[in-house]
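Since the structure comes first, as structure tokens, the remarks are kept for the end.
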Amino acid sequence: MVDLSINCGGIKSPNPFWLASAPPTNSAYQNCKAFELGWGGVVWKTLSHPIMNVASRLGGFDYSGQKLAGLNNIELTTDRSLEINLKEIKETKKLWPDRAIIVSLMVESKRETWHDFVKKAIDTGADGLELNYGCPHGMSERGMGAAVGQVPEYCQMITEWVTEVSTIPVLVKLTPNVTNIQIPARAAQTAKAQGVSLINTINSIVGIDLDTLRIMPNITGKGGHGGFAGPAVKPIALHMVSQVATDPEFHLAISGIGGISTWKDTLEFILLGASSVQVCTAVMHHGFRIVQDMTDGLTNWMISKGYNNLDQLRGKSLTGIDSFGNLNLLYKAVARIDQSKCIHCNLCYIACEDGAHQCIELTPEDGHNKTVIREVDCVGCNLCSIVCPVPECISMVRMDDGSQEKTWNDLVQDFKEESRELTWENLAEFQKKNGIVIH
């Protein structure tokens, strides 16, 4: 029996799959449809002051034949009236009492305005609030969105305005367009929020039409920066979630956002500390039904590994994150090619020859070139295994016996104790002594 239910900062839902505040959560029709198909929660599209969105507000980033590897947008908050949204939120919550409904808010930096919006959102029966401090375009120029999230003092001040009147959990949505994501996260915690959501979209220009030389998306010849999301941003989102989760000064719940499309993506975010995950671009591309595959996939994986609930998994991979200075310099791995699986495309040779360490040779055999790795020169960089199109054709094999370990920090300390400088000559001596290939 697997239990997928979660508690994210006091907001409970039957599974960790939430829809992010975005076009898919703009109406009761959409959110009810999402619940029917199995989503555990929704973050209602951001409520704000009267807004009019422009046409041509989305730009797609396609890569190597893959549509929508990333999605750029210059859309703002909901352009439906506050009254209509509040009415629909209340109706939806009555219809789906067991699902999480979180109301996203982004309004002008006035205490009384925030108090008004917060109280109206609470009156709908919603389960929580999400404060949108992340929007990098349109709203930031008006002193909202990322203009708040990029200044910890503003983040703390406005969050305090909210928490002093809110009777339901408050999540703070953080912008990735900062140098250190831990600082605004701490500000949210100081202001007594119950959790943070991250990441919001990344500031970007998605591309240029090379026929017209216009920025995309194009509005009568003009365009500009927007928010970038989708699969391409997932590595950045995972990194930032882990930064917050490993911060010894931070102790709140995390809702993970950024490029989540599958159950595997979801699992990665949970393993790095997230309680819930929020999905947008994947739904805009493939529809609400993807949640069924996500639920089945996560459930089946947990059964196969012997896990009963998500609390057993949350943050489990964080202990594997360390600084470069603590990595073992004496660990040695080399690439090996399974010739029975090789299709002789020579991609590994090209990559190694031009982009790495020139340790793969081509040997003519039976009318094709056989790829052979000179293991004595292989530095174990992994590039050949990454570019190989055949699963498990190239594997990385450990060569050291694991009996010795030396980190960069150890090495620096050793040289200090020996009263020697850490010079290129001394470093080369250490490498030669330990059989480390030098290129």
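Each chain in the structure tokens gets a letter, A, B and so on, in the order shown; residues start at 1 in every chain, and ligands are counted from 1 in the order they appear.
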Do you have, as a tab-separated table, the list of residues of range 324-420 of chain A lying at most 10 Å from range 427-439 of chain A, each with its nearest atom pair and that distance in Å to one decimal, counting only C-alpha atoms and ordered by chain then number?
```
residue	atom	partner	partner_atom	distance
A:Leu329	CA	A:Ile436	CA	8.6
A:Leu330	CA	A:Asn434	CA	7.2
A:Tyr331	CA	A:Ile436	CA	9.3
A:Lys332	CA	A:Ile436	CA	8.0
A:Ala356	CA	A:His439	CA	9.9
A:His357	CA	A:His439	CA	7.3
A:Gln358	CA	A:His439	CA	9.8
A:Val376	CA	A:Val437	CA	7.8
A:Asp377	CA	A:Val437	CA	6.4
A:Cys378	CA	A:Val437	CA	7.5
A:Val379	CA	A:Val437	CA	6.2
A:Gly380	CA	A:Val437	CA	9.8
A:Leu411	CA	A:Phe430	CA	9.1
A:Phe415	CA	A:Leu427	CA	9.8
```
I need the residues of range 44-179 of chain A that end up classed as strand (DSSP E) by DSSP on the backbone, written out as JSON, numbers by chain. {"A": [44, 45, 46, 47, 58, 59, 60, 61, 62, 63, 66, 67, 68, 69, 70, 71, 72, 73, 100, 101, 102, 103, 104, 105, 128, 129, 130, 131, 132, 170, 171, 172, 173]}
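Taking only C-alpha atoms into account, Pro23 in chain A lies nearest to A:Leu76 out of the set A:Ala185, A:Met396, A:Leu76, A:Leu174.
Look at Lys119 in chain A: the protein and nucleic acid residues within 10 Å of it, using only C-alpha atoms and passing over chain neighbours fewer than 6 places away, are Val162, Val165, Ser166 and Thr167 of chain A.
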Selection to disk with C-alpha atoms, as an mmCIF file, in the first residue's frame:
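That gives us selection-v3.cif:
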```cif
data_model
loop_
_atom_site.group_PDB
_atom_site.id
_atom_site.type_symbol
_atom_site.label_atom_id
_atom_site.label_comp_id
_atom_site.auth_asym_id
_atom_site.auth_seq_id
_atom_site.Cartn_x
_atom_site.Cartn_y
_atom_site.Cartn_z
ATOM 1 C CA VAL A 162 0.314 39.011 4.816
ATOM 2 C CA VAL A 165 -3.677 38.863 8.960
ATOM 3 C CA SER A 166 -3.653 35.451 7.294
ATOM 4 C CA THR A 167 -5.353 32.546 9.058
#
```
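For the choices A:Ile102, A:Leu271, A:Ala187, A:Ala121, the atom-to-atom distance to Phe250 in chain A is smallest for A:Ala187 when using only C-alpha atoms.
Computed from the coordinates, the CA of Asp247 in chain A to CA of Phe17 in chain A distance equals 24.7 Å.
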